[in-house]
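**Q** Below is the file start_16.txt, with compact mmCIF, N, CA and C atoms.
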# COMPACT_ATOMS: atom_id res chain seq x y z
N MET A 17 -22.66 -15.61 5.19
CA MET A 17 -21.97 -14.48 4.59
C MET A 17 -21.14 -13.77 5.67
N ALA A 18 -19.88 -13.54 5.39
CA ALA A 18 -18.98 -12.91 6.36
C ALA A 18 -19.29 -11.43 6.50
N LYS A 19 -19.14 -10.95 7.71
CA LYS A 19 -19.36 -9.54 7.99
C LYS A 19 -18.22 -8.72 7.37
N GLU A 20 -18.58 -7.61 6.75
CA GLU A 20 -17.57 -6.71 6.18
C GLU A 20 -16.75 -6.11 7.31
N ARG A 21 -15.45 -5.94 7.06
CA ARG A 21 -14.54 -5.32 8.03
C ARG A 21 -13.94 -4.08 7.40
N CYS A 22 -13.66 -3.11 8.25
CA CYS A 22 -13.09 -1.86 7.76
C CYS A 22 -12.11 -1.32 8.79
N ALA A 23 -10.90 -1.01 8.35
CA ALA A 23 -9.88 -0.44 9.22
C ALA A 23 -9.97 1.08 9.20
N ILE A 24 -10.03 1.66 10.37
CA ILE A 24 -10.11 3.12 10.53
C ILE A 24 -8.88 3.56 11.34
N PRO A 25 -8.12 4.53 10.84
CA PRO A 25 -6.94 4.98 11.58
C PRO A 25 -7.31 5.55 12.96
N ARG A 26 -6.47 5.26 13.93
CA ARG A 26 -6.70 5.69 15.31
C ARG A 26 -6.90 7.21 15.41
N HIS A 27 -6.09 7.99 14.68
CA HIS A 27 -6.22 9.46 14.77
C HIS A 27 -7.59 9.93 14.30
N LEU A 28 -8.15 9.24 13.32
CA LEU A 28 -9.47 9.60 12.80
C LEU A 28 -10.56 9.27 13.83
N VAL A 29 -10.45 8.10 14.43
CA VAL A 29 -11.40 7.70 15.48
C VAL A 29 -11.33 8.71 16.62
N ASN A 30 -10.11 9.07 17.03
CA ASN A 30 -9.95 10.04 18.12
C ASN A 30 -10.57 11.39 17.76
N GLN A 31 -10.42 11.82 16.52
CA GLN A 31 -10.97 13.10 16.08
C GLN A 31 -12.51 13.07 16.13
N ILE A 32 -13.11 11.99 15.67
CA ILE A 32 -14.57 11.86 15.68
C ILE A 32 -15.08 11.82 17.12
N LEU A 33 -14.44 11.02 17.97
CA LEU A 33 -14.86 10.91 19.37
C LEU A 33 -14.71 12.25 20.10
N HIS A 34 -13.62 12.94 19.85
CA HIS A 34 -13.39 14.25 20.48
C HIS A 34 -14.48 15.24 20.06
N SER A 35 -14.82 15.23 18.78
CA SER A 35 -15.85 16.11 18.27
C SER A 35 -17.18 15.86 18.98
N ALA A 36 -17.53 14.58 19.15
CA ALA A 36 -18.78 14.22 19.84
C ALA A 36 -18.75 14.66 21.30
N GLN A 37 -17.61 14.48 21.96
CA GLN A 37 -17.49 14.87 23.37
C GLN A 37 -17.52 16.38 23.55
N ALA A 38 -17.05 17.12 22.56
CA ALA A 38 -17.00 18.58 22.66
C ALA A 38 -18.39 19.20 22.61
N SER A 39 -19.36 18.51 22.02
CA SER A 39 -20.74 18.99 21.95
C SER A 39 -21.67 17.86 22.36
N PRO A 40 -21.63 17.46 23.64
CA PRO A 40 -22.35 16.26 24.06
C PRO A 40 -23.87 16.32 23.96
N GLY A 41 -24.44 17.51 23.89
CA GLY A 41 -25.89 17.63 23.80
C GLY A 41 -26.42 17.71 22.39
N LEU A 42 -25.52 17.74 21.40
CA LEU A 42 -25.93 17.89 20.00
C LEU A 42 -25.36 16.75 19.16
N GLU A 43 -26.03 16.45 18.07
CA GLU A 43 -25.48 15.49 17.12
C GLU A 43 -24.46 16.24 16.27
N VAL A 44 -23.21 15.82 16.35
CA VAL A 44 -22.18 16.39 15.50
C VAL A 44 -22.12 15.52 14.24
N CYS A 45 -21.62 16.10 13.15
CA CYS A 45 -21.61 15.34 11.90
C CYS A 45 -20.48 15.80 11.00
N GLY A 46 -20.23 15.00 9.97
CA GLY A 46 -19.20 15.35 9.00
C GLY A 46 -18.95 14.22 8.03
N LEU A 47 -17.93 14.42 7.22
CA LEU A 47 -17.56 13.48 6.17
C LEU A 47 -16.14 13.01 6.37
N ILE A 48 -15.83 11.86 5.80
CA ILE A 48 -14.47 11.34 5.80
C ILE A 48 -14.10 11.04 4.36
N GLY A 49 -12.97 11.58 3.95
CA GLY A 49 -12.46 11.33 2.61
C GLY A 49 -11.29 10.38 2.67
N ALA A 50 -11.10 9.61 1.60
CA ALA A 50 -9.98 8.68 1.52
C ALA A 50 -9.36 8.76 0.14
N ASP A 51 -8.03 8.69 0.10
CA ASP A 51 -7.36 8.69 -1.20
C ASP A 51 -7.04 7.25 -1.59
N GLY A 52 -6.49 7.07 -2.76
CA GLY A 52 -6.18 5.74 -3.28
C GLY A 52 -5.16 4.98 -2.45
N GLY A 53 -4.36 5.69 -1.65
CA GLY A 53 -3.36 5.05 -0.81
C GLY A 53 -3.87 4.65 0.55
N GLY A 54 -5.15 4.87 0.80
CA GLY A 54 -5.72 4.49 2.08
C GLY A 54 -5.67 5.55 3.15
N ARG A 55 -5.08 6.73 2.83
CA ARG A 55 -5.06 7.81 3.82
C ARG A 55 -6.45 8.43 3.92
N MET A 56 -6.86 8.72 5.15
CA MET A 56 -8.19 9.28 5.39
C MET A 56 -8.10 10.60 6.13
N ARG A 57 -9.08 11.47 5.83
CA ARG A 57 -9.16 12.77 6.51
C ARG A 57 -10.60 13.00 6.94
N CYS A 58 -10.72 13.69 8.06
CA CYS A 58 -12.02 14.02 8.64
C CYS A 58 -12.38 15.46 8.26
N TYR A 59 -13.63 15.65 7.85
CA TYR A 59 -14.14 16.96 7.48
C TYR A 59 -15.40 17.24 8.31
N PRO A 60 -15.25 17.83 9.49
CA PRO A 60 -16.45 18.17 10.27
C PRO A 60 -17.31 19.16 9.49
N VAL A 61 -18.62 18.98 9.55
CA VAL A 61 -19.57 19.85 8.86
C VAL A 61 -20.61 20.26 9.90
N PRO A 62 -20.97 21.54 9.94
CA PRO A 62 -21.98 21.97 10.92
C PRO A 62 -23.31 21.23 10.73
N ASN A 63 -23.96 20.98 11.85
CA ASN A 63 -25.29 20.36 11.86
C ASN A 63 -26.32 21.49 11.84
N VAL A 64 -27.13 21.55 10.78
CA VAL A 64 -28.13 22.61 10.67
C VAL A 64 -29.56 22.08 10.83
N ALA A 65 -29.71 20.91 11.44
CA ALA A 65 -31.05 20.35 11.67
C ALA A 65 -31.85 21.28 12.59
N ASP A 66 -33.16 21.26 12.43
CA ASP A 66 -34.00 22.10 13.28
C ASP A 66 -33.97 21.63 14.73
N ARG A 67 -33.68 20.35 14.97
CA ARG A 67 -33.55 19.81 16.33
C ARG A 67 -32.22 19.06 16.42
N PRO A 68 -31.09 19.77 16.46
CA PRO A 68 -29.77 19.13 16.42
C PRO A 68 -29.47 18.23 17.61
N GLU A 69 -30.30 18.29 18.65
CA GLU A 69 -30.09 17.40 19.79
C GLU A 69 -30.54 15.97 19.49
N CYS A 70 -31.34 15.80 18.43
CA CYS A 70 -31.85 14.45 18.15
C CYS A 70 -31.82 14.05 16.68
N ARG A 71 -31.23 14.87 15.83
CA ARG A 71 -31.02 14.47 14.44
C ARG A 71 -29.94 15.34 13.82
N PHE A 72 -29.46 14.91 12.65
CA PHE A 72 -28.43 15.73 12.00
C PHE A 72 -28.81 16.01 10.56
N LEU A 73 -28.35 17.15 10.10
CA LEU A 73 -28.49 17.55 8.71
C LEU A 73 -27.23 18.32 8.37
N LEU A 74 -26.45 17.78 7.46
CA LEU A 74 -25.20 18.44 7.07
C LEU A 74 -25.51 19.81 6.46
N ASP A 75 -24.80 20.83 6.90
CA ASP A 75 -24.92 22.15 6.31
C ASP A 75 -24.57 22.05 4.83
N PRO A 76 -25.47 22.44 3.92
CA PRO A 76 -25.19 22.28 2.48
C PRO A 76 -23.89 22.95 2.04
N LYS A 77 -23.64 24.18 2.50
CA LYS A 77 -22.40 24.87 2.11
C LYS A 77 -21.18 24.14 2.64
N GLY A 78 -21.24 23.68 3.90
CA GLY A 78 -20.13 22.94 4.48
C GLY A 78 -19.89 21.62 3.78
N GLN A 79 -20.97 20.96 3.39
CA GLN A 79 -20.85 19.69 2.66
C GLN A 79 -20.22 19.90 1.29
N ILE A 80 -20.66 20.93 0.58
CA ILE A 80 -20.09 21.22 -0.75
C ILE A 80 -18.61 21.56 -0.62
N GLU A 81 -18.26 22.36 0.38
CA GLU A 81 -16.86 22.73 0.57
C GLU A 81 -16.01 21.50 0.91
N ALA A 82 -16.52 20.63 1.77
CA ALA A 82 -15.77 19.41 2.11
C ALA A 82 -15.58 18.53 0.88
N MET A 83 -16.64 18.38 0.09
CA MET A 83 -16.54 17.54 -1.13
C MET A 83 -15.56 18.16 -2.14
N ARG A 84 -15.56 19.49 -2.24
CA ARG A 84 -14.63 20.17 -3.15
C ARG A 84 -13.19 19.95 -2.68
N THR A 85 -12.96 20.08 -1.39
CA THR A 85 -11.61 19.87 -0.84
C THR A 85 -11.16 18.43 -1.08
N MET A 86 -12.05 17.47 -0.86
CA MET A 86 -11.72 16.06 -1.12
C MET A 86 -11.30 15.87 -2.57
N ARG A 87 -12.11 16.41 -3.48
CA ARG A 87 -11.82 16.26 -4.91
C ARG A 87 -10.45 16.86 -5.24
N GLU A 88 -10.16 18.04 -4.70
CA GLU A 88 -8.87 18.70 -4.95
C GLU A 88 -7.70 17.88 -4.41
N ARG A 89 -7.93 17.13 -3.36
CA ARG A 89 -6.88 16.30 -2.75
C ARG A 89 -6.84 14.89 -3.33
N GLY A 90 -7.68 14.61 -4.31
CA GLY A 90 -7.70 13.28 -4.90
C GLY A 90 -8.37 12.24 -4.02
N GLU A 91 -9.28 12.71 -3.16
CA GLU A 91 -9.98 11.80 -2.26
C GLU A 91 -11.41 11.57 -2.76
N GLU A 92 -11.98 10.48 -2.25
CA GLU A 92 -13.38 10.18 -2.51
C GLU A 92 -14.09 10.08 -1.17
N LEU A 93 -15.40 10.24 -1.19
CA LEU A 93 -16.18 10.11 0.04
C LEU A 93 -16.07 8.67 0.52
N PHE A 94 -15.59 8.50 1.73
CA PHE A 94 -15.45 7.18 2.34
C PHE A 94 -16.55 6.93 3.36
N ALA A 95 -16.86 7.95 4.19
CA ALA A 95 -17.84 7.76 5.25
C ALA A 95 -18.53 9.06 5.62
N ILE A 96 -19.70 8.90 6.22
CA ILE A 96 -20.46 9.99 6.83
C ILE A 96 -20.54 9.64 8.31
N PHE A 97 -20.24 10.60 9.18
CA PHE A 97 -20.32 10.30 10.61
C PHE A 97 -21.26 11.25 11.30
N HIS A 98 -21.84 10.76 12.40
CA HIS A 98 -22.62 11.62 13.29
C HIS A 98 -22.70 10.96 14.66
N SER A 99 -23.14 11.75 15.63
CA SER A 99 -23.22 11.24 16.99
C SER A 99 -24.67 11.15 17.45
N HIS A 100 -24.89 10.32 18.45
CA HIS A 100 -26.17 10.20 19.14
C HIS A 100 -25.93 10.53 20.61
N PRO A 101 -26.33 11.71 21.05
CA PRO A 101 -26.07 12.09 22.44
C PRO A 101 -26.73 11.18 23.48
N THR A 102 -27.94 10.70 23.21
CA THR A 102 -28.67 9.93 24.21
C THR A 102 -29.19 8.60 23.69
N ALA A 103 -28.78 8.21 22.50
CA ALA A 103 -29.28 6.97 21.89
C ALA A 103 -28.12 6.04 21.57
N PRO A 104 -28.39 4.77 21.37
CA PRO A 104 -27.33 3.82 21.01
C PRO A 104 -26.70 4.16 19.65
N ALA A 105 -25.57 3.57 19.40
CA ALA A 105 -24.83 3.78 18.14
C ALA A 105 -25.38 2.88 17.03
N VAL A 106 -26.66 3.04 16.75
CA VAL A 106 -27.32 2.35 15.64
C VAL A 106 -28.15 3.39 14.90
N PRO A 107 -28.36 3.21 13.59
CA PRO A 107 -29.14 4.19 12.85
C PRO A 107 -30.58 4.29 13.37
N SER A 108 -31.03 5.50 13.56
CA SER A 108 -32.41 5.74 13.97
C SER A 108 -33.31 5.62 12.74
N SER A 109 -34.60 5.63 12.94
CA SER A 109 -35.52 5.58 11.80
C SER A 109 -35.32 6.79 10.90
N VAL A 110 -35.02 7.95 11.49
CA VAL A 110 -34.75 9.16 10.70
C VAL A 110 -33.45 9.00 9.92
N ASP A 111 -32.42 8.42 10.56
CA ASP A 111 -31.15 8.18 9.86
C ASP A 111 -31.39 7.29 8.64
N LEU A 112 -32.19 6.25 8.80
CA LEU A 112 -32.47 5.33 7.69
C LEU A 112 -33.27 6.02 6.60
N GLU A 113 -34.24 6.81 7.00
CA GLU A 113 -35.11 7.48 6.01
C GLU A 113 -34.34 8.46 5.14
N PHE A 114 -33.40 9.19 5.74
CA PHE A 114 -32.70 10.23 5.01
C PHE A 114 -31.28 9.85 4.59
N ALA A 115 -30.92 8.58 4.71
CA ALA A 115 -29.57 8.15 4.33
C ALA A 115 -29.33 8.41 2.84
N ALA A 116 -28.17 8.95 2.57
CA ALA A 116 -27.74 9.20 1.19
C ALA A 116 -26.38 8.54 1.00
N TYR A 117 -25.91 8.49 -0.22
CA TYR A 117 -24.61 7.93 -0.53
C TYR A 117 -24.49 6.48 -0.06
N PRO A 118 -25.20 5.56 -0.68
CA PRO A 118 -25.17 4.16 -0.23
C PRO A 118 -23.78 3.52 -0.30
N GLU A 119 -22.87 4.11 -1.08
CA GLU A 119 -21.51 3.55 -1.15
C GLU A 119 -20.67 3.96 0.05
N ALA A 120 -21.13 4.94 0.80
CA ALA A 120 -20.36 5.44 1.95
C ALA A 120 -20.70 4.64 3.21
N LEU A 121 -19.70 4.49 4.04
CA LEU A 121 -19.87 3.89 5.35
C LEU A 121 -20.54 4.94 6.24
N HIS A 122 -21.44 4.52 7.11
CA HIS A 122 -22.08 5.42 8.06
C HIS A 122 -21.54 5.09 9.45
N LEU A 123 -20.83 6.05 10.04
CA LEU A 123 -20.25 5.87 11.37
C LEU A 123 -21.10 6.62 12.39
N ILE A 124 -21.45 5.93 13.47
CA ILE A 124 -22.28 6.55 14.51
C ILE A 124 -21.58 6.40 15.86
N VAL A 125 -21.47 7.52 16.57
CA VAL A 125 -20.90 7.55 17.91
C VAL A 125 -22.04 7.69 18.90
N SER A 126 -22.04 6.88 19.95
CA SER A 126 -23.02 7.04 21.03
C SER A 126 -22.33 7.56 22.27
N LEU A 127 -22.93 8.60 22.84
CA LEU A 127 -22.49 9.11 24.14
C LEU A 127 -23.38 8.56 25.24
N ASN A 128 -24.29 7.68 24.89
CA ASN A 128 -25.24 7.09 25.83
C ASN A 128 -24.64 5.85 26.49
N THR A 129 -23.42 6.00 26.97
CA THR A 129 -22.71 4.89 27.59
C THR A 129 -22.14 5.36 28.92
N LYS A 130 -21.65 4.45 29.68
CA LYS A 130 -21.09 4.79 30.99
C LYS A 130 -19.56 4.88 30.89
N GLY A 131 -19.06 6.04 30.49
CA GLY A 131 -17.63 6.29 30.50
C GLY A 131 -16.87 5.95 29.23
N VAL A 132 -17.38 5.04 28.41
CA VAL A 132 -16.67 4.64 27.20
C VAL A 132 -17.58 4.94 26.01
N LEU A 133 -17.09 5.74 25.08
CA LEU A 133 -17.89 6.04 23.90
C LEU A 133 -17.94 4.82 22.99
N GLU A 134 -19.02 4.71 22.25
CA GLU A 134 -19.19 3.59 21.33
C GLU A 134 -19.21 4.13 19.90
N LEU A 135 -18.45 3.50 19.01
CA LEU A 135 -18.42 3.86 17.60
C LEU A 135 -18.72 2.60 16.80
N ARG A 136 -19.74 2.67 15.95
CA ARG A 136 -20.11 1.52 15.11
C ARG A 136 -20.29 1.99 13.68
N GLY A 137 -20.11 1.06 12.74
CA GLY A 137 -20.23 1.37 11.33
C GLY A 137 -21.32 0.55 10.66
N PHE A 138 -21.98 1.17 9.67
CA PHE A 138 -23.08 0.52 8.96
C PHE A 138 -23.06 0.88 7.49
N ARG A 139 -23.56 -0.02 6.68
CA ARG A 139 -23.89 0.27 5.29
C ARG A 139 -25.40 0.39 5.24
N ILE A 140 -25.87 1.48 4.65
CA ILE A 140 -27.30 1.69 4.50
C ILE A 140 -27.57 1.75 3.00
N GLY A 141 -28.20 0.71 2.50
CA GLY A 141 -28.46 0.61 1.08
C GLY A 141 -29.85 1.05 0.70
N PRO A 142 -30.25 0.73 -0.52
CA PRO A 142 -31.59 1.07 -0.99
C PRO A 142 -32.65 0.45 -0.08
N ALA A 143 -33.78 1.13 0.02
CA ALA A 143 -34.91 0.68 0.85
C ALA A 143 -34.48 0.46 2.30
N SER A 144 -33.51 1.26 2.76
CA SER A 144 -33.02 1.21 4.14
C SER A 144 -32.42 -0.14 4.53
N ALA A 145 -31.92 -0.89 3.54
CA ALA A 145 -31.24 -2.16 3.85
C ALA A 145 -30.04 -1.82 4.73
N LEU A 146 -29.88 -2.55 5.82
CA LEU A 146 -28.87 -2.21 6.82
C LEU A 146 -27.97 -3.39 7.10
N SER A 147 -26.66 -3.15 7.10
CA SER A 147 -25.72 -4.19 7.52
C SER A 147 -24.61 -3.52 8.33
N GLU A 148 -24.23 -4.18 9.42
CA GLU A 148 -23.18 -3.63 10.25
C GLU A 148 -21.82 -4.00 9.69
N VAL A 149 -20.87 -3.09 9.83
CA VAL A 149 -19.50 -3.27 9.38
C VAL A 149 -18.63 -3.33 10.62
N GLU A 150 -17.80 -4.36 10.72
CA GLU A 150 -16.89 -4.47 11.85
C GLU A 150 -15.76 -3.45 11.69
N LEU A 151 -15.61 -2.58 12.67
CA LEU A 151 -14.56 -1.57 12.62
C LEU A 151 -13.32 -2.06 13.33
N LEU A 152 -12.18 -1.91 12.65
CA LEU A 152 -10.89 -2.27 13.21
C LEU A 152 -10.05 -1.03 13.35
N LEU A 153 -9.34 -0.91 14.45
CA LEU A 153 -8.46 0.24 14.66
C LEU A 153 -7.16 0.01 13.92
N ALA A 154 -6.85 0.88 12.97
CA ALA A 154 -5.64 0.73 12.16
C ALA A 154 -4.50 1.53 12.81
N PRO A 155 -3.28 1.04 12.66
CA PRO A 155 -2.14 1.82 13.16
C PRO A 155 -2.00 3.09 12.35
N GLU A 156 -1.31 4.04 12.92
CA GLU A 156 -1.12 5.33 12.23
C GLU A 156 -0.32 5.10 11.02
For this file, write the structure as structure tokens.

**A**
Amino acid sequence: MAKERCAIPRHLVNQILHSAQASPGLEVCGLIGADGGGRMRCYPVPNVADRPECRFLLDPKGQIEAMRTMRERGEELFAIFHSHPTAPAVPSSVDLEFAAYPEALHLIVSLNTKGVLELRGFRIGPASALSEVELLLAPE
């Protein structure tokens, strides 16, 4: 079975990486919306987890506002992103346990690298079924 591939615009990747670098000790998080024409937008959402240095929880109000804005713009939820300050760019057991929106791509940034940030994508299905998605950098 061939690995799923997904093109992500360079500006979106840069926005996610910048967000992670701006708060290197905390897991940053947010949503990505996409319209029918393939245009994508990033919606950062505050992390309200009790231990934001090692897990993320989207702020409910911020998540509702981002989803409302997406709907108003004719977008659908495309991906959920978050960072791992000290762990690899793979879903943690907590990420798997609390994963929602199985149709959405899960993007994880790792700052646990030497100079180069790592961004990887995953599909997390029912019963924590996990498959990696090959990310391709799309032109603007």

**Q** Which residue is closest to A:Phe97? Choose from A:Leu151, A:Leu146, A:Leu133, A:Ile48 and count only C-alpha atoms.

**A**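 Using only C-alpha atoms, A:Phe97 sits closest to A:Ile48.
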
**Q** Give, as JSON, the centre coordinates and the x, y and z edge lengths in Å to one decimal for an axis-aligned box around all listed atoms of stretch 114-130 of chain A, padded by 5 Å on each side.

**A**
{"center_x": -26.5, "center_y": 6.9, "center_z": 14.9, "size_x": 23.8, "size_y": 16.7, "size_z": 42.1}

**Q** Report, in Å to a single decimal, how far apart atom CA of A:Leu153 and atom CA of A:Arg136 are.

**A**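 Computing the Euclidean distance for atom CA of A:Arg136 and atom CA of A:Leu153 yields 11.7 Å.
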
**Q** So that I can see what lies close to A:Pro118, please list as an NGL selection string the residues with an atom at most 7 Å from it, counting all atoms listed in the file and leaving out residues fewer than 4 positions away in the same chain.

**A** :A and (139-142)

**Q** Would you list the residues near (-27.7, 9.1, 11.1), meaning any protein, DNA or RNA residue with an atom at most 9 Å from that point in file coordinates, counting only C-alpha atoms, as a list in words?

**A**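 Neighbouring residues, ordered by chain and number, come to Cys45, Arg71, Phe72, Leu73, Ile96, Phe97, His98, Ser99, His100, Val106, Pro107, Ser108, Ser109, Val110, Asp111, Leu112, Phe114, Ala115, His122, Leu123 and Ile124 of chain A.
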
**Q** Counting all atoms listed in the file, note down every residue that has an atom within 7 Å of the point (-4.2, 12.8, -1.7) (file coordinates), as number ranges by chain.

**A** A: 50-52, 88-91

**Q** I need the residues of stretch 36-145 of chain A that end up classed as helix (DSSP H, G or I) by DSSP on the backbone, written out as a PyMOL selection string.

**A** chain A and resi 36-38+76-88+109-113+142-144

**Q** Any chance you could export the current selection's N, CA and C atoms as a JSON list (two decimals), in the frame of the given file?

**A**
[["chain", "number", "residue", "atom", "x", "y", "z"],
["A", 36, "ALA", "N", -17.53, 14.58, 19.15],
["A", 36, "ALA", "CA", -18.78, 14.22, 19.84],
["A", 36, "ALA", "C", -18.75, 14.66, 21.30],
["A", 37, "GLN", "N", -17.61, 14.48, 21.96],
["A", 37, "GLN", "CA", -17.49, 14.87, 23.37],
["A", 37, "GLN", "C", -17.52, 16.38, 23.55],
["A", 38, "ALA", "N", -17.05, 17.12, 22.56],
["A", 38, "ALA", "CA", -17.00, 18.58, 22.66],
["A", 38, "ALA", "C", -18.39, 19.20, 22.61],
["A", 76, "PRO", "N", -25.47, 22.44, 3.92],
["A", 76, "PRO", "CA", -25.19, 22.28, 2.48],
["A", 76, "PRO", "C", -23.89, 22.95, 2.04],
["A", 77, "LYS", "N", -23.64, 24.18, 2.50],
["A", 77, "LYS", "CA", -22.40, 24.87, 2.11],
["A", 77, "LYS", "C", -21.18, 24.14, 2.64],
["A", 78, "GLY", "N", -21.24, 23.68, 3.90],
["A", 78, "GLY", "CA", -20.13, 22.94, 4.48],
["A", 78, "GLY", "C", -19.89, 21.62, 3.78],
["A", 79, "GLN", "N", -20.97, 20.96, 3.39],
["A", 79, "GLN", "CA", -20.85, 19.69, 2.66],
["A", 79, "GLN", "C", -20.22, 19.90, 1.29],
["A", 80, "ILE", "N", -20.66, 20.93, 0.58],
["A", 80, "ILE", "CA", -20.09, 21.22, -0.75],
["A", 80, "ILE", "C", -18.61, 21.56, -0.62],
["A", 81, "GLU", "N", -18.26, 22.36, 0.38],
["A", 81, "GLU", "CA", -16.86, 22.73, 0.57],
["A", 81, "GLU", "C", -16.01, 21.50, 0.91],
["A", 82, "ALA", "N", -16.52, 20.63, 1.77],
["A", 82, "ALA", "CA", -15.77, 19.41, 2.11],
["A", 82, "ALA", "C", -15.58, 18.53, 0.88],
["A", 83, "MET", "N", -16.64, 18.38, 0.09],
["A", 83, "MET", "CA", -16.54, 17.54, -1.13],
["A", 83, "MET", "C", -15.56, 18.16, -2.14],
["A", 84, "ARG", "N", -15.56, 19.49, -2.24],
["A", 84, "ARG", "CA", -14.63, 20.17, -3.15],
["A", 84, "ARG", "C", -13.19, 19.95, -2.68],
["A", 85, "THR", "N", -12.96, 20.08, -1.39],
["A", 85, "THR", "CA", -11.61, 19.87, -0.84],
["A", 85, "THR", "C", -11.16, 18.43, -1.08],
["A", 86, "MET", "N", -12.05, 17.47, -0.86],
["A", 86, "MET", "CA", -11.72, 16.06, -1.12],
["A", 86, "MET", "C", -11.30, 15.87, -2.57],
["A", 87, "ARG", "N", -12.11, 16.41, -3.48],
["A", 87, "ARG", "CA", -11.82, 16.26, -4.91],
["A", 87, "ARG", "C", -10.45, 16.86, -5.24],
["A", 88, "GLU", "N", -10.16, 18.04, -4.70],
["A", 88, "GLU", "CA", -8.87, 18.70, -4.95],
["A", 88, "GLU", "C", -7.70, 17.88, -4.41],
["A", 109, "SER", "N", -34.60, 5.63, 12.94],
["A", 109, "SER", "CA", -35.52, 5.58, 11.80],
["A", 109, "SER", "C", -35.32, 6.79, 10.90],
["A", 110, "VAL", "N", -35.02, 7.95, 11.49],
["A", 110, "VAL", "CA", -34.75, 9.16, 10.70],
["A", 110, "VAL", "C", -33.45, 9.00, 9.92],
["A", 111, "ASP", "N", -32.42, 8.42, 10.56],
["A", 111, "ASP", "CA", -31.15, 8.18, 9.86],
["A", 111, "ASP", "C", -31.39, 7.29, 8.64],
["A", 112, "LEU", "N", -32.19, 6.25, 8.80],
["A", 112, "LEU", "CA", -32.47, 5.33, 7.69],
["A", 112, "LEU", "C", -33.27, 6.02, 6.60],
["A", 113, "GLU", "N", -34.24, 6.81, 7.00],
["A", 113, "GLU", "CA", -35.11, 7.48, 6.01],
["A", 113, "GLU", "C", -34.34, 8.46, 5.14],
["A", 142, "PRO", "N", -30.25, 0.73, -0.52],
["A", 142, "PRO", "CA", -31.59, 1.07, -0.99],
["A", 142, "PRO", "C", -32.65, 0.45, -0.08],
["A", 143, "ALA", "N", -33.78, 1.13, 0.02],
["A", 143, "ALA", "CA", -34.91, 0.68, 0.85],
["A", 143, "ALA", "C", -34.48, 0.46, 2.30],
["A", 144, "SER", "N", -33.51, 1.26, 2.76],
["A", 144, "SER", "CA", -33.02, 1.21, 4.14],
["A", 144, "SER", "C", -32.42, -0.14, 4.53]]

**Q** Would you mind telling me which residue in A:Pro101, A:Gly53, A:Gly41, A:Pro155 lies nearest to A:Glu134 when using only C-alpha atoms?

**A**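 Closest candidate: A:Pro101.
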
**Q** Using only C-alpha atoms, which of the listed residues (A:Ala38, A:Val44, A:Ala65, A:Cys58) sits closest to A:Arg26?

**A** A:Cys58

**Q** Could you find all residues in chain A that DSSP calls strand (DSSP E) from the backbone, and write them as a PyMOL selection string?

**A** chain A and resi 21-25+45-50+56-61+92-100+121-126+134-140+146-154

**Q** Counting all atoms listed in the file, which of A:Glu43, A:Ala82, A:Met56, A:Phe94 gets nearest to A:Cys70?

**A**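 Residue with the minimum atom-to-atom distance to A:Cys70: A:Glu43.
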
**Q** State, in Å with one decimal place, the distance from atom CA of A:Val61 to atom CA of A:Leu135.

**A**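 Interatomic distance, atom CA of A:Val61 to atom CA of A:Leu135: 18.3 Å.
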
**Q** Residues at most 8 Å from A:His27, counting only N, CA and C atoms, excluding those fewer than 3 positions away in the same chain, as a list in words?

**A**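 With the cut-off at 8 Å, the set is Ile24, Asn30, Gln31, Ile32, Leu33, Cys58, Ala154, Pro155 and Glu156 of chain A.
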
**Q** For A:Ala120, which of A:Pro104, A:Leu42, A:Leu93, A:Glu148 is the closest residue, counting all atoms listed in the file?

**A**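 Among the listed residues, the smallest separation from A:Ala120 belongs to A:Leu93.
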
**Q** Just give me the gap between atom CA of A:Arg87 and atom C of A:Ala116 in Å, one decimal is fine.

**A** 17.5 Å
